[in-house]
$ cat upload.cif   # mmCIF, C-alpha atoms
data_data
#
loop_
_atom_site.label_atom_id
_atom_site.label_comp_id
_atom_site.auth_asym_id
_atom_site.auth_seq_id
_atom_site.Cartn_x
_atom_site.Cartn_y
_atom_site.Cartn_z
CA MET A 1 -22.63 -46.31 28.71
CA THR A 2 -19.84 -48.24 30.37
CA SER A 3 -16.84 -46.42 31.83
CA SER A 4 -14.44 -47.98 29.33
CA PHE A 5 -16.65 -47.08 26.33
CA ARG A 6 -16.97 -43.51 27.62
CA HIS A 7 -13.19 -43.22 27.83
CA VAL A 8 -12.80 -44.54 24.29
CA LEU A 9 -15.45 -42.09 23.02
CA ILE A 10 -13.80 -39.13 24.77
CA ALA A 11 -10.42 -40.14 23.38
CA ALA A 12 -11.84 -40.40 19.85
CA MET A 13 -13.51 -37.00 20.12
CA THR A 14 -10.27 -35.47 21.39
CA VAL A 15 -8.30 -36.91 18.48
CA THR A 16 -10.94 -35.57 16.03
CA LEU A 17 -10.88 -32.08 17.54
CA VAL A 18 -7.10 -31.99 17.52
CA ALA A 19 -7.08 -33.12 13.88
CA VAL A 20 -9.63 -30.46 12.90
CA GLY A 21 -7.63 -27.81 14.75
CA ALA A 22 -4.42 -28.94 13.09
CA THR A 23 -6.08 -28.83 9.67
CA ALA A 24 -7.37 -25.30 10.31
CA ALA A 25 -3.95 -24.19 11.55
CA SER A 26 -2.32 -25.74 8.51
CA ALA A 27 -4.77 -24.02 6.14
CA GLU A 28 -4.06 -20.69 7.83
CA SER A 29 -0.30 -21.13 7.63
CA ASP A 30 -0.62 -22.01 3.94
CA SER A 31 -2.44 -18.74 3.22
CA VAL A 32 -0.51 -16.22 1.13
CA TYR A 33 -1.68 -13.59 3.62
CA VAL A 34 0.20 -15.20 6.51
CA SER A 35 3.96 -14.67 6.60
CA SER A 36 6.52 -16.55 8.63
CA SER A 37 9.00 -14.95 10.97
CA PRO A 38 11.79 -14.98 10.08
CA LEU A 39 11.13 -15.01 6.35
CA PRO A 40 12.57 -17.94 4.41
CA ALA A 41 15.91 -17.36 2.74
CA GLY A 42 15.65 -16.46 -0.91
CA GLU A 43 16.13 -13.95 -3.70
CA ASN A 44 13.91 -11.04 -4.64
CA GLY A 45 10.95 -12.42 -6.59
CA ASP A 46 11.16 -15.94 -5.16
CA VAL A 47 7.72 -17.47 -4.58
CA ILE A 48 7.25 -18.36 -0.90
CA LYS A 49 3.85 -20.02 -1.34
CA SER A 50 0.99 -20.18 -3.79
CA GLN A 51 -2.70 -21.13 -3.88
CA PRO A 52 -5.20 -21.66 -6.67
CA SER A 53 -7.56 -18.72 -7.04
CA THR A 54 -10.52 -17.94 -9.28
CA TYR A 55 -10.91 -15.53 -12.20
CA ASN A 56 -13.12 -15.84 -15.25
CA GLY A 57 -11.19 -16.50 -18.43
CA ALA A 58 -7.83 -17.21 -16.82
CA LYS A 59 -5.92 -19.65 -14.70
CA SER A 60 -5.44 -17.68 -11.49
CA THR A 61 -2.89 -18.32 -8.76
CA ARG A 62 -2.44 -16.26 -5.64
CA ILE A 63 1.14 -15.95 -4.50
CA GLN A 64 3.32 -14.70 -1.69
CA TYR A 65 6.76 -13.63 -2.85
CA LEU A 66 9.89 -11.92 -1.59
CA SER A 67 10.53 -8.25 -2.28
CA ARG A 68 12.15 -5.18 -0.68
CA ASP A 69 10.79 -2.12 1.12
CA ASN A 70 12.16 1.41 0.78
CA LYS A 71 14.87 0.66 3.36
CA ASP A 72 16.02 -2.38 1.34
CA ARG A 73 14.65 -4.82 3.92
CA GLN A 74 13.23 -8.07 2.61
CA VAL A 75 9.44 -8.39 2.97
CA ALA A 76 6.66 -10.81 2.04
CA VAL A 77 4.20 -9.49 -0.55
CA SER A 78 0.99 -10.99 -1.91
CA GLY A 79 -0.37 -10.86 -5.44
CA THR A 80 -1.93 -12.81 -8.29
CA VAL A 81 -0.61 -14.43 -11.45
CA LEU A 82 -3.22 -14.79 -14.22
CA VAL A 83 -2.67 -16.72 -17.44
CA PRO A 84 -5.50 -16.16 -19.94
CA ASP A 85 -7.38 -19.10 -21.45
CA ASN A 86 -7.03 -17.52 -24.90
CA PRO A 87 -3.78 -18.31 -26.71
CA TRP A 88 -1.02 -15.81 -27.40
CA THR A 89 -1.06 -15.04 -31.13
CA GLY A 90 1.63 -12.37 -31.21
CA PRO A 91 5.31 -12.84 -32.00
CA GLY A 92 7.55 -14.90 -29.73
CA GLU A 93 6.57 -16.09 -26.28
CA ARG A 94 3.56 -14.92 -24.27
CA PRO A 95 4.42 -11.62 -22.54
CA ILE A 96 3.92 -10.99 -18.85
CA VAL A 97 2.51 -7.59 -17.92
CA ALA A 98 2.95 -6.37 -14.36
CA TYR A 99 -0.32 -4.69 -13.39
CA ALA A 100 0.23 -2.03 -10.72
CA PRO A 101 -3.17 -1.43 -9.08
CA PHE A 102 -5.13 1.79 -8.77
CA THR A 103 -5.63 3.13 -5.21
CA PHE A 104 -7.56 0.44 -3.33
CA GLY A 105 -7.19 1.45 0.31
CA MET A 106 -5.49 0.55 3.53
CA GLY A 107 -7.68 -2.03 5.26
CA PRO A 108 -6.72 -5.73 5.43
CA ASP A 109 -9.62 -6.74 3.16
CA CYS A 110 -8.92 -4.21 0.40
CA ALA A 111 -6.09 -6.07 -1.38
CA PRO A 112 -6.72 -6.54 -5.13
CA SER A 113 -5.73 -10.21 -4.98
CA LYS A 114 -8.77 -10.64 -2.71
CA THR A 115 -11.25 -8.41 -4.52
CA LEU A 116 -10.32 -9.74 -7.97
CA ALA A 117 -11.21 -13.21 -6.67
CA GLY A 118 -14.57 -11.98 -5.37
CA GLU A 119 -13.42 -11.89 -1.76
CA GLY A 120 -12.59 -9.13 0.70
CA ALA A 121 -14.14 -5.67 0.68
CA SER A 122 -15.34 -4.98 -2.84
CA ASP A 123 -16.36 -1.49 -3.96
CA LEU A 124 -16.45 0.57 -7.14
CA VAL A 125 -12.65 0.54 -7.34
CA SER A 126 -12.46 -3.26 -7.55
CA GLY A 127 -14.56 -3.02 -10.71
CA PHE A 128 -12.02 -0.63 -12.24
CA GLN A 129 -9.21 -3.03 -11.31
CA GLY A 130 -11.03 -5.91 -12.98
CA GLY A 131 -11.64 -3.86 -16.12
CA PHE A 132 -7.95 -3.07 -16.50
CA VAL A 133 -6.94 -6.70 -15.90
CA ASN A 134 -9.55 -7.93 -18.39
CA ALA A 135 -8.20 -5.65 -21.11
CA LEU A 136 -4.68 -7.04 -20.63
CA LEU A 137 -5.87 -10.65 -20.51
CA GLY A 138 -8.02 -10.11 -23.59
CA ALA A 139 -4.89 -9.27 -25.57
CA GLY A 140 -3.38 -12.61 -24.56
CA PHE A 141 -0.97 -11.14 -22.01
CA ALA A 142 -0.32 -12.96 -18.76
CA VAL A 143 -0.86 -10.59 -15.82
CA ALA A 144 1.26 -10.41 -12.67
CA GLN A 145 -0.61 -8.25 -10.17
CA THR A 146 1.00 -7.02 -6.97
CA ASP A 147 -0.80 -6.02 -3.78
CA TYR A 148 2.21 -3.89 -2.80
CA ILE A 149 3.32 -4.05 0.86
CA GLY A 150 0.50 -3.84 3.39
CA PRO A 151 -1.51 -5.25 6.27
CA TRP A 152 -3.15 -7.92 4.11
CA VAL A 153 0.04 -9.93 4.82
CA THR A 154 0.55 -10.47 8.54
CA GLY A 155 3.37 -8.54 10.12
CA SER A 156 3.85 -6.19 7.18
CA GLY A 157 2.41 -3.04 8.78
CA ASP A 158 0.57 -0.25 6.99
CA HIS A 159 0.65 0.18 3.22
CA PRO A 160 3.47 2.57 2.18
CA TYR A 161 1.14 4.36 -0.22
CA VAL A 162 2.88 5.96 -3.25
CA VAL A 163 6.33 5.36 -1.76
CA ARG A 164 8.55 5.17 -4.83
CA LEU A 165 11.13 2.54 -3.92
CA SER A 166 8.89 -0.04 -2.27
CA GLU A 167 6.23 0.13 -4.97
CA ALA A 168 8.82 -0.18 -7.75
CA HIS A 169 10.38 -3.19 -6.02
CA THR A 170 7.08 -4.99 -5.56
CA VAL A 171 6.06 -4.39 -9.19
CA LEU A 172 9.34 -5.69 -10.60
CA ASP A 173 9.49 -8.63 -8.21
CA VAL A 174 5.97 -9.82 -9.04
CA VAL A 175 7.18 -10.33 -12.63
CA ARG A 176 10.10 -12.37 -11.35
CA ALA A 177 7.65 -14.38 -9.23
CA ALA A 178 5.41 -15.04 -12.26
CA GLN A 179 8.43 -16.23 -14.25
CA ARG A 180 9.42 -18.61 -11.45
CA LEU A 181 5.95 -19.93 -10.57
CA PRO A 182 5.69 -23.60 -11.60
CA GLY A 183 2.88 -24.90 -13.79
CA THR A 184 2.01 -21.68 -15.63
CA GLY A 185 3.74 -22.36 -18.93
CA LEU A 186 5.15 -18.82 -18.82
CA PRO A 187 8.68 -18.20 -20.08
CA ALA A 188 11.42 -17.61 -17.52
CA ASP A 189 13.02 -14.84 -19.58
CA GLY A 190 10.32 -13.67 -22.00
CA PRO A 191 9.05 -10.19 -22.85
CA VAL A 192 7.74 -7.99 -20.04
CA GLY A 193 5.46 -4.97 -19.89
CA ILE A 194 4.34 -2.80 -16.98
CA ALA A 195 1.09 -0.86 -16.69
CA GLY A 196 -0.70 1.15 -14.03
CA TYR A 197 -2.97 4.12 -13.46
CA SER A 198 -3.14 6.63 -10.57
CA GLU A 199 -1.25 5.00 -7.66
CA GLY A 200 -0.46 2.28 -10.19
CA GLY A 201 0.73 4.94 -12.63
CA SER A 202 3.33 6.14 -10.14
CA ALA A 203 4.30 2.55 -9.26
CA ALA A 204 4.71 1.70 -12.95
CA ALA A 205 6.72 4.88 -13.53
CA ALA A 206 8.94 4.15 -10.53
CA ALA A 207 9.48 0.61 -11.82
CA ALA A 208 10.47 2.06 -15.21
CA GLU A 209 13.14 4.12 -13.46
CA LEU A 210 14.51 1.27 -11.33
CA ALA A 211 14.26 -1.68 -13.72
CA ALA A 212 17.75 -1.31 -15.19
CA THR A 213 19.45 -1.40 -11.79
CA TYR A 214 17.07 -3.43 -9.60
CA ALA A 215 15.98 -6.09 -12.12
CA PRO A 216 18.35 -5.81 -15.10
CA GLU A 217 17.58 -9.35 -16.30
CA LEU A 218 13.96 -8.48 -17.08
CA ASP A 219 13.32 -7.85 -20.77
CA VAL A 220 11.02 -4.85 -20.29
CA LYS A 221 9.68 -3.81 -23.70
CA GLY A 222 7.50 -0.93 -22.55
CA VAL A 223 5.81 0.80 -19.62
CA TYR A 224 2.42 2.53 -19.49
CA SER A 225 1.94 5.17 -16.77
CA GLY A 226 -1.45 6.84 -16.44
CA ALA A 227 -2.31 9.81 -14.18
CA ALA A 228 0.79 9.32 -12.06
CA PRO A 229 1.03 11.26 -8.75
CA ALA A 230 4.71 11.89 -9.47
CA ASP A 231 5.22 14.97 -7.28
CA LYS A 232 3.86 14.71 -3.75
CA ALA A 233 4.67 18.35 -2.95
CA VAL A 234 2.10 19.49 -5.52
CA LEU A 235 -0.49 16.97 -4.34
CA SER A 236 -0.15 17.97 -0.69
CA LYS A 237 -1.64 21.30 -1.75
CA SER A 238 -4.06 20.23 -4.50
CA LEU A 239 -5.73 17.46 -2.47
CA ASP A 240 -5.98 19.37 0.81
CA GLY A 241 -9.57 20.34 1.59
CA GLY A 242 -10.86 18.78 -1.62
CA MET A 243 -13.17 15.94 -2.48
CA TYR A 244 -10.29 13.45 -2.42
CA ALA A 245 -8.59 14.58 0.78
CA GLY A 246 -8.67 10.93 1.90
CA PHE A 247 -5.89 10.18 -0.61
CA LEU A 248 -3.69 12.73 1.16
CA GLY A 249 -4.48 10.91 4.40
CA TYR A 250 -3.31 7.68 2.76
CA ALA A 251 -0.08 9.38 1.68
CA LEU A 252 0.61 10.48 5.26
CA ILE A 253 0.02 6.93 6.51
CA GLY A 254 2.43 5.77 3.83
CA ILE A 255 5.11 8.24 4.96
CA ASN A 256 4.65 7.18 8.58
CA GLN A 257 5.07 3.51 7.61
CA ALA A 258 8.07 4.02 5.34
CA TYR A 259 9.85 6.68 7.38
CA PRO A 260 9.00 6.17 11.07
CA GLU A 261 12.15 8.07 12.02
CA ALA A 262 10.48 11.27 10.75
CA ARG A 263 7.95 11.02 13.62
CA LEU A 264 5.09 12.33 11.50
CA MET A 265 2.48 11.56 14.15
CA ASP A 266 4.15 14.00 16.56
CA LEU A 267 2.60 16.77 14.45
CA ALA A 268 -0.98 15.50 14.82
CA ASN A 269 -3.58 16.83 17.23
CA PRO A 270 -6.26 14.44 18.61
CA ALA A 271 -8.43 14.92 15.52
CA GLY A 272 -5.47 14.10 13.30
CA ALA A 273 -4.62 10.99 15.30
CA ASP A 274 -8.26 9.87 15.12
CA LEU A 275 -8.38 10.36 11.33
CA PHE A 276 -5.13 8.41 10.99
CA LEU A 277 -6.58 5.43 12.88
CA LYS A 278 -9.85 5.49 10.94
CA ALA A 279 -8.24 5.87 7.52
CA ARG A 280 -6.05 2.81 8.15
CA GLN A 281 -9.18 0.63 8.12
CA THR A 282 -10.80 1.98 4.96
CA CYS A 283 -10.93 0.97 1.33
CA THR A 284 -10.93 3.71 -1.30
CA MET A 285 -14.57 4.77 -1.58
CA ASN A 286 -15.06 4.78 2.19
CA ALA A 287 -12.02 7.03 2.55
CA VAL A 288 -13.30 9.42 -0.12
CA LEU A 289 -16.71 9.68 1.53
CA GLN A 290 -15.50 9.88 5.14
CA PHE A 291 -12.78 12.49 4.68
CA MET A 292 -14.18 14.59 1.85
CA TYR A 293 -13.20 18.29 2.10
CA LYS A 294 -11.10 17.73 5.23
CA GLN A 295 -8.59 20.55 5.83
CA THR A 296 -5.27 19.26 7.13
CA SER A 297 -4.74 22.48 9.11
CA SER A 298 -7.50 21.18 11.42
CA LEU A 299 -5.47 18.03 12.10
CA THR A 300 -2.13 19.44 13.26
CA LYS A 301 -1.11 20.76 16.68
CA GLU A 302 0.06 24.08 15.24
CA GLY A 303 -2.87 24.54 12.87
CA LYS A 304 -0.59 24.47 9.83
CA PRO A 305 -1.46 22.56 6.64
CA VAL A 306 0.52 19.43 5.86
CA SER A 307 2.13 21.14 2.84
CA ALA A 308 3.92 23.55 5.19
CA TYR A 309 5.62 20.66 6.98
CA LEU A 310 6.51 18.80 3.80
CA ALA A 311 8.57 21.81 2.71
CA GLN A 312 10.71 21.53 5.88
CA PRO A 313 13.25 18.96 7.13
CA PRO A 314 13.08 16.02 7.41
CA PHE A 315 10.02 15.82 5.15
CA ASP A 316 11.48 17.82 2.27
CA ALA A 317 14.08 15.06 1.75
CA ILE A 318 11.34 12.42 1.85
CA VAL A 319 9.32 14.29 -0.78
CA ALA A 320 12.43 14.60 -2.96
CA GLU A 321 13.22 10.89 -2.65
CA ASN A 322 9.71 10.03 -3.81
CA ARG A 323 9.56 12.39 -6.77
CA ILE A 324 9.43 10.52 -10.09
CA GLY A 325 11.18 11.89 -13.15
CA THR A 326 14.73 11.97 -11.82
CA VAL A 327 16.01 8.75 -13.46
CA LYS A 328 15.96 7.94 -17.18
CA PRO A 329 13.82 4.86 -18.02
CA ALA A 330 15.72 2.37 -20.15
CA MET A 331 12.64 1.35 -22.18
CA PRO A 332 9.91 3.16 -24.16
CA VAL A 333 7.26 4.74 -21.93
CA LEU A 334 3.75 6.00 -22.69
CA VAL A 335 2.58 8.67 -20.24
CA GLU A 336 -1.11 9.62 -20.27
CA HIS A 337 -3.08 12.11 -18.21
CA SER A 338 -6.47 13.72 -18.66
CA PRO A 339 -6.38 17.53 -18.85
CA MET A 340 -9.64 17.44 -16.85
CA ASP A 341 -8.27 15.18 -14.09
CA ASP A 342 -10.07 16.13 -10.86
CA VAL A 343 -7.64 14.36 -8.49
CA ILE A 344 -4.10 14.65 -9.85
CA PRO A 345 -3.34 17.78 -11.90
CA ALA A 346 -2.36 16.92 -15.47
CA ALA A 347 0.66 19.21 -15.13
CA VAL A 348 2.17 16.67 -12.69
CA GLY A 349 2.13 13.85 -15.24
CA LYS A 350 3.29 16.10 -18.06
CA GLN A 351 6.22 17.39 -15.98
CA MET A 352 7.31 13.82 -15.24
CA ALA A 353 7.28 13.08 -18.96
CA LYS A 354 9.25 16.28 -19.70
CA ASP A 355 11.80 15.44 -17.03
CA TRP A 356 12.37 12.06 -18.64
CA CYS A 357 12.63 13.66 -22.07
CA GLY A 358 15.32 15.94 -20.69
CA LYS A 359 17.32 12.85 -19.78
CA GLY A 360 17.05 11.41 -23.28
CA ALA A 361 14.34 8.82 -22.62
CA ASN A 362 11.94 7.45 -25.26
CA VAL A 363 8.70 9.04 -24.03
CA GLN A 364 5.31 9.29 -25.69
CA TRP A 365 3.03 11.88 -24.05
CA LYS A 366 -0.69 11.70 -24.74
CA GLU A 367 -3.69 13.51 -23.31
CA LEU A 368 -6.04 10.90 -21.92
CA THR A 369 -9.58 11.18 -23.28
CA THR A 370 -12.35 11.69 -20.74
CA PHE A 371 -15.79 12.91 -21.73
CA THR A 372 -16.75 14.77 -18.56
CA PRO A 373 -14.92 16.82 -15.92
CA PHE A 374 -16.94 15.04 -13.25
CA PHE A 375 -15.12 12.04 -11.72
CA SER A 376 -12.73 12.33 -14.65
CA HIS A 377 -9.85 10.73 -12.75
CA ALA A 378 -11.78 7.55 -11.98
CA LEU A 379 -13.50 7.42 -15.36
CA GLY A 380 -10.16 7.93 -17.07
CA MET A 381 -9.16 4.45 -16.05
CA MET A 382 -11.78 3.03 -18.41
CA THR A 383 -10.00 4.66 -21.36
CA ALA A 384 -6.54 4.02 -19.91
CA SER A 385 -6.95 0.25 -19.86
CA GLY A 386 -7.56 0.09 -23.62
CA ASP A 387 -4.83 2.61 -24.41
CA ALA A 388 -2.32 0.72 -22.26
CA THR A 389 -3.19 -2.59 -23.87
CA GLU A 390 -2.91 -1.31 -27.45
CA TRP A 391 0.35 0.49 -26.77
CA LEU A 392 1.88 -2.57 -25.10
CA LYS A 393 0.89 -4.63 -28.13
CA SER A 394 2.92 -2.27 -30.28
CA ALA A 395 5.83 -2.39 -27.83
CA PHE A 396 5.85 -6.20 -27.91
CA ASN A 397 5.84 -5.98 -31.72
CA GLY A 398 8.86 -3.69 -31.65
CA GLN A 399 6.75 -0.74 -32.82
CA ALA A 400 6.72 1.55 -29.78
CA GLY A 401 8.16 4.36 -31.86
CA GLY A 402 10.57 7.12 -30.89
CA GLY A 403 8.25 9.16 -28.69
CA ASN A 404 7.22 12.78 -29.07
CA CYS A 405 9.67 14.64 -26.81
CA GLY A 406 9.94 18.30 -27.71
CA ARG A 407 6.39 18.37 -29.06
CA PHE A 408 4.37 18.75 -25.86
#

$ encode --input "upload.cif" --output "structure tokens"
Amino acid sequence: MTSSFRHVLIAAMTVTLVAVGATAASAESDSVYVSSSPLPAGENGDVIKSQPSTYNGAKSTRIQYLSRDNKDRQVAVSGTVLVPDNPWTGPGERPIVAYAPFTFGMGPDCAPSKTLAGEGASDLVSGFQGGFVNALLGAGFAVAQTDYIGPWVTGSGDHPYVVRLSEAHTVLDVVRAAQRLPGTGLPADGPVGIAGYSEGGSAAAAAAELAATYAPELDVKGVYSGAAPADKAVLSKSLDGGMYAGFLGYALIGINQAYPEARLMDLANPAGADLFLKARQTCTMNAVLQFMYKQTSSLTKEGKPVSAYLAQPPFDAIVAENRIGTVKPAMPVLVEHSPMDDVIPAAVGKQMAKDWCGKGANVQWKELTTFTPFFSHALGMMTASGDATEWLKSAFNGQAGGGNCGRF
């Protein structure tokens, strides 16, 4: 090999490696899970970037869009827009239903937009998510699914689990994003529904409360809220030391993310700090199995349970801010909860419905059918998906009814 040929070969290899590196860097920057700093200027619900995704029976597009956290700061959020292959046969234009996901975890690979596409860390919960989405798509609804705020998008920090304002914002803004996403054929101002169960039930309920003020242009015809953890003060006691103590751990991570000024971690002993770090990396089933029957009194410096602190400043104000049932929804709402729910007491969901009734809202309360007390919360989602779909059909047909306030 001559010296000149060697130089040419080295130069060619260098150019190739640089090109490959540039292509990889470009692909990474195009990912909906990579955000820019600062964020691009735009309005809530504007699509920052999008990518084709995969889902049987629907045209699927992953998106990154602008939304707001609980402090009203603009953030980048990921999600999925799905338009079913089957035509819409109902009245008017094809509706868009915002699907607010069930608890899926805290780790970067847990996001529903990943697991629905067959990527990320799939577990039993991702199957429940898919079942709910399939029911909505089967009715001909387009689905706008949010991942909420979380570490799946770079620079976004921990997931503010069951934080009322941020979850409501991300649910409402994913509908705006679906309306603005090019190439979907979806109407820019058509009918909208919202549905969710468990964490998604509280997110849907919070969105019902905020829709009139945060997104007044959306034509929300109805909201389905199943098994909503509407009152965190109750759950801080009912979950502590139980099979689903990991969900309480998630809620504490959410408080720490959304309200860092409260200095929640100052209360933790080394065991509490260790649990916090481990829980941040888990998806739902891993959290349930790892932290089952954990007593929070063993995780604090003073040996007090978390519920004792949540009743004191500054946490009592945080709990109050995140209680759902304080604002009248402007649209018909169906609230369901299984009387055998083994995670979230049915009294919590019923009280939320009663609180709304007291404000003059159009509320339908229904006991969710589950056939066993064992794993009734998780299994309830299988019934909830069909109930939500059928009720939203009636809402889109203008037949939601006048509710049953005063009769439950």

$ resolve_selection --input "upload.cif" --expression "the PyMOL selection byres ((chain A and resi 173) around 9)" --output "list in words"
Asn44, Gly45, Asp46, Tyr65, Leu66, Ser67, Arg68, Thr146, Ala168, His169, Thr170, Val171, Leu172, Val174, Val175, Arg176, Ala177, Ala178 and Ala215 of chain A

$ resolve_selection --input "upload.cif" --expression "the PyMOL selection byres ((chain A and resi 318-321) around 10)" --output "list in words"
Val163, Arg164, Leu165, Asp231, Lys232, Ala233, Ile255, Ala258, Tyr259, Ala262, Leu310, Ala311, Gln312, Pro313, Pro314, Phe315, Asp316, Ala317, Asn322, Arg323, Ile324 and Thr326 of chain A

$ residues_around --input "upload.cif" --residues "Tyr224 of chain A" --least-positions-apart "3" --cutoff "12 Å" --atoms "all atoms listed in the file" --output "MDAnalysis selection string"
chainID A and resid 97:100 136 192:198 200:208 220:221 227:228 329 331:337 353 363:366 384:395 400

$ write_last_selection --input "upload.cif" --atoms "C-alpha atoms" --output "PDB file, in the coordinates of the input"
ATOM      1  CA  VAL A  97       2.510  -7.590 -17.920  1.00  0.00           C
ATOM      2  CA  ALA A  98       2.950  -6.370 -14.360  1.00  0.00           C
ATOM      3  CA  TYR A  99      -0.320  -4.690 -13.390  1.00  0.00           C
ATOM      4  CA  ALA A 100       0.230  -2.030 -10.720  1.00  0.00           C
ATOM      5  CA  LEU A 136      -4.680  -7.040 -20.630  1.00  0.00           C
ATOM      6  CA  VAL A 192       7.740  -7.990 -20.040  1.00  0.00           C
ATOM      7  CA  GLY A 193       5.460  -4.970 -19.890  1.00  0.00           C
ATOM      8  CA  ILE A 194       4.340  -2.800 -16.980  1.00  0.00           C
ATOM      9  CA  ALA A 195       1.090  -0.860 -16.690  1.00  0.00           C
ATOM     10  CA  GLY A 196      -0.700   1.150 -14.030  1.00  0.00           C
ATOM     11  CA  TYR A 197      -2.970   4.120 -13.460  1.00  0.00           C
ATOM     12  CA  SER A 198      -3.140   6.630 -10.570  1.00  0.00           C
ATOM     13  CA  GLY A 200      -0.460   2.280 -10.190  1.00  0.00           C
ATOM     14  CA  GLY A 201       0.730   4.940 -12.630  1.00  0.00           C
ATOM     15  CA  SER A 202       3.330   6.140 -10.140  1.00  0.00           C
ATOM     16  CA  ALA A 203       4.300   2.550  -9.260  1.00  0.00           C
ATOM     17  CA  ALA A 204       4.710   1.700 -12.950  1.00  0.00           C
ATOM     18  CA  ALA A 205       6.720   4.880 -13.530  1.00  0.00           C
ATOM     19  CA  ALA A 206       8.940   4.150 -10.530  1.00  0.00           C
ATOM     20  CA  ALA A 207       9.480   0.610 -11.820  1.00  0.00           C
ATOM     21  CA  ALA A 208      10.470   2.060 -15.210  1.00  0.00           C
ATOM     22  CA  VAL A 220      11.020  -4.850 -20.290  1.00  0.00           C
ATOM     23  CA  LYS A 221       9.680  -3.810 -23.700  1.00  0.00           C
ATOM     24  CA  ALA A 227      -2.310   9.810 -14.180  1.00  0.00           C
ATOM     25  CA  ALA A 228       0.790   9.320 -12.060  1.00  0.00           C
ATOM     26  CA  PRO A 329      13.820   4.860 -18.020  1.00  0.00           C
ATOM     27  CA  MET A 331      12.640   1.350 -22.180  1.00  0.00           C
ATOM     28  CA  PRO A 332       9.910   3.160 -24.160  1.00  0.00           C
ATOM     29  CA  VAL A 333       7.260   4.740 -21.930  1.00  0.00           C
ATOM     30  CA  LEU A 334       3.750   6.000 -22.690  1.00  0.00           C
ATOM     31  CA  VAL A 335       2.580   8.670 -20.240  1.00  0.00           C
ATOM     32  CA  GLU A 336      -1.110   9.620 -20.270  1.00  0.00           C
ATOM     33  CA  HIS A 337      -3.080  12.110 -18.210  1.00  0.00           C
ATOM     34  CA  ALA A 353       7.280  13.080 -18.960  1.00  0.00           C
ATOM     35  CA  VAL A 363       8.700   9.040 -24.030  1.00  0.00           C
ATOM     36  CA  GLN A 364       5.310   9.290 -25.690  1.00  0.00           C
ATOM     37  CA  TRP A 365       3.030  11.880 -24.050  1.00  0.00           C
ATOM     38  CA  LYS A 366      -0.690  11.700 -24.740  1.00  0.00           C
ATOM     39  CA  ALA A 384      -6.540   4.020 -19.910  1.00  0.00           C
ATOM     40  CA  SER A 385      -6.950   0.250 -19.860  1.00  0.00           C
ATOM     41  CA  GLY A 386      -7.560   0.090 -23.620  1.00  0.00           C
ATOM     42  CA  ASP A 387      -4.830   2.610 -24.410  1.00  0.00           C
ATOM     43  CA  ALA A 388      -2.320   0.720 -22.260  1.00  0.00           C
ATOM     44  CA  THR A 389      -3.190  -2.590 -23.870  1.00  0.00           C
ATOM     45  CA  GLU A 390      -2.910  -1.310 -27.450  1.00  0.00           C
ATOM     46  CA  TRP A 391       0.350   0.490 -26.770  1.00  0.00           C
ATOM     47  CA  LEU A 392       1.880  -2.570 -25.100  1.00  0.00           C
ATOM     48  CA  LYS A 393       0.890  -4.630 -28.130  1.00  0.00           C
ATOM     49  CA  SER A 394       2.920  -2.270 -30.280  1.00  0.00           C
ATOM     50  CA  ALA A 395       5.830  -2.390 -27.830  1.00  0.00           C
ATOM     51  CA  ALA A 400       6.720   1.550 -29.780  1.00  0.00           C
TER      52      ALA A 400
END

$ closest_residue --input "upload.cif" --among "A:Thr370, A:Asp355, A:Phe104, A:Thr154" --to "Ser29 of chain A" --atoms "only C-alpha atoms"
A:Thr154

$ closest_residue --input "upload.cif" --among "A:Leu299, A:Ala251, A:Ala268, A:Leu235" --to "Pro345 of chain A" --atoms "only C-alpha atoms"
A:Leu235

$ residues_around --input "upload.cif" --residues "Tyr244 of chain A" --least-positions-apart "4" --cutoff "12 Å" --atoms "only C-alpha atoms" --output "PyMOL selection string"
chain A and resi 103+235-240+248-251+284-295+341-344+375+377-378

$ atom_distance --input "upload.cif" --atom1 "atom CA of Pro87 of chain A" --atom2 "atom CA of Pro191 of chain A"
15.7 Å

$ closest_residue --input "upload.cif" --among "A:Ala271, A:Ala144, A:Met381, A:Val306" --to "Val125 of chain A" --atoms "all atoms listed in the file"
A:Met381

$ atom_distance --input "upload.cif" --atom1 "atom CA of Gly241 of chain A" --atom2 "atom CA of Gly303 of chain A"
13.8 Å

$ residues_around --input "upload.cif" --residues "Val34 of chain A" --least-positions-apart "6" --cutoff "10 Å" --atoms "only C-alpha atoms" --output "PyMOL selection string"
chain A and resi 28+49+64+76-78+152-156

$ write_last_selection --input "upload.cif" --atoms "C-alpha atoms" --output "PDB file, in the frame of the given file"
ATOM      1  CA  GLU A  28      -4.060 -20.690   7.830  1.00  0.00           C
ATOM      2  CA  LYS A  49       3.850 -20.020  -1.340  1.00  0.00           C
ATOM      3  CA  GLN A  64       3.320 -14.700  -1.690  1.00  0.00           C
ATOM      4  CA  ALA A  76       6.660 -10.810   2.040  1.00  0.00           C
ATOM      5  CA  VAL A  77       4.200  -9.490  -0.550  1.00  0.00           C
ATOM      6  CA  SER A  78       0.990 -10.990  -1.910  1.00  0.00           C
ATOM      7  CA  TRP A 152      -3.150  -7.920   4.110  1.00  0.00           C
ATOM      8  CA  VAL A 153       0.040  -9.930   4.820  1.00  0.00           C
ATOM      9  CA  THR A 154       0.550 -10.470   8.540  1.00  0.00           C
ATOM     10  CA  GLY A 155       3.370  -8.540  10.120  1.00  0.00           C
ATOM     11  CA  SER A 156       3.850  -6.190   7.180  1.00  0.00           C
TER      12      SER A 156
END

$ closest_residue --input "upload.cif" --among "A:Gly398, A:Gly105, A:Gly150, A:Pro40" --to "Gly79 of chain A" --atoms "only C-alpha atoms"
A:Gly150
